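Colleague: After the structure tokens below, expect a handful of questions from me.
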Amino acid sequence: MSAVAQIFSERTGWTLAMRSFAVWLALMAAESVNGAFREAFLVRSMGQVQARQLSFGLSLVILLSLAILFIKWIDTSLRHRLLAIGAFWAILTVCFEVVLGRLILGASWSAILSDYDVTRGGLMAFGIVFMIFLPLLARRLRCGQV
């Protein structure tokens, strides 16, 4: 059994998993609004590359703000659980991006993968790493511990 699955398999882990999933849904809702804002307003005024860069920075602020807001509700201060939650969020986010890109927006695999390719200007790889450490960072900033 993987470390993430083991942490979420305990009775209290089930509550932790459900709360973590609920917060992730809020994160993705906010990210979807950010993406819609980027496409509707920023791309027209500054071009695709600069709009993506600005939107990425805004995304980090949004994610961190929401994580700080909800981290006490998730209710764990254990480092390994916070990292497991971050890994859980990262995996769900990649799945969300693929499903949204391929099935809803009809993007090619090349277009989806380019978002993760740093050599082609993609920033999603950094975002996924950030997501892994997000619960740990939020807990430290909100509660001063971990």
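Each chain of the structure tokens is named A, B, ... in the order shown, its residues numbered from 1; ligands are numbered from 1 in display order.
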Excluding Ala125 of chain A and any residue of its chain fewer than 6 positions from it, enumerate the residues within 12 Å of it, using only C-alpha atoms, and give them as a list in words.

Modeller: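 The filter keeps Phe56, Ala90, Ile91, Thr93, Val94, Ile112, Leu113, Ser114, Asp115, Tyr116, Asp117, Val118, Thr119, Met131 and Ile132 of chain A.
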
Colleague: Deliver the residues from the most recent selection as a file, using C-alpha atoms, as a compact mmCIF listing (two decimals), in the first residue's frame.

Modeller:
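Now in again03.txt:
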# COMPACT_ATOMS: atom_id res chain seq x y z
CA PHE A 56 0.44 31.67 -12.94
CA ALA A 90 -1.06 17.29 -7.11
CA ILE A 91 -2.28 13.96 -8.52
CA THR A 93 -4.79 18.38 -10.33
CA VAL A 94 -2.89 16.59 -13.10
CA ILE A 112 -1.40 19.60 -22.62
CA LEU A 113 2.18 18.38 -22.19
CA SER A 114 3.58 21.74 -23.32
CA ASP A 115 2.07 23.30 -20.18
CA TYR A 116 4.38 21.03 -18.15
CA ASP A 117 7.47 21.51 -20.34
CA VAL A 118 9.64 24.19 -18.76
CA THR A 119 11.84 24.37 -21.87
CA MET A 131 0.87 22.02 -4.78
CA ILE A 132 2.77 19.20 -3.04

Colleague: Neighbouring residues of Val43 of chain A were defined as those with any atom within 12 Å, considering only C-alpha atoms; residues of the same chain fewer than 5 positions away were excluded. Please report them as number ranges by chain.

Modeller: A: 35-38, 48-55

Colleague: Go through A:Leu141, A:Gly13, A:Val23, A:Leu136 one by one, measure the shortest atom-to-atom distance of each to Trp73 of chain A using only C-alpha atoms, and give the residue with the smallest value.

Modeller: A:Val23

Colleague: What is the atom CA of Gly86 of chain A to atom CA of Ser20 of chain A distance in Å?

Modeller: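 According to the coordinates, atom CA of Gly86 of chain A and atom CA of Ser20 of chain A are separated by 9.0 Å.
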
Colleague: Rank A:Pro135, A:Gly47, A:Gly122, A:Gly57 by their smallest atom-to-atom distance to Arg81 of chain A, using only C-alpha atoms, and report the top residue only.

Modeller: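 Of A:Pro135, A:Gly47, A:Gly122, A:Gly57, the one nearest Arg81 of chain A, counting only C-alpha atoms, is A:Pro135.
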
Colleague: Between A:Ser32, A:Thr15, A:Ile104, A:Arg79, which is the closest to Leu137 of chain A once you count only C-alpha atoms?

Modeller: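 Smallest separation from Leu137 of chain A among the options: A:Arg79.
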
Colleague: Mind checking which residues fall within 8 Å of Arg142 of chain A, counting only C-alpha atoms, ignoring those fewer than 3 positions away in the same chain, and posting them as a PDB file with C-alpha atoms, in the first residue's frame?

Modeller:
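Ended up saving to out_1.pdb:
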ATOM      1  CA  ILE A  68      -4.291  29.153   4.579  1.00  0.00           C
ATOM      2  CA  ILE A  71      -5.837  24.399   6.656  1.00  0.00           C
ATOM      3  CA  ALA A 138      -0.176  26.955   4.647  1.00  0.00           C
ATOM      4  CA  ARG A 139      -0.006  25.240   8.043  1.00  0.00           C
TER       5      ARG A 139
END
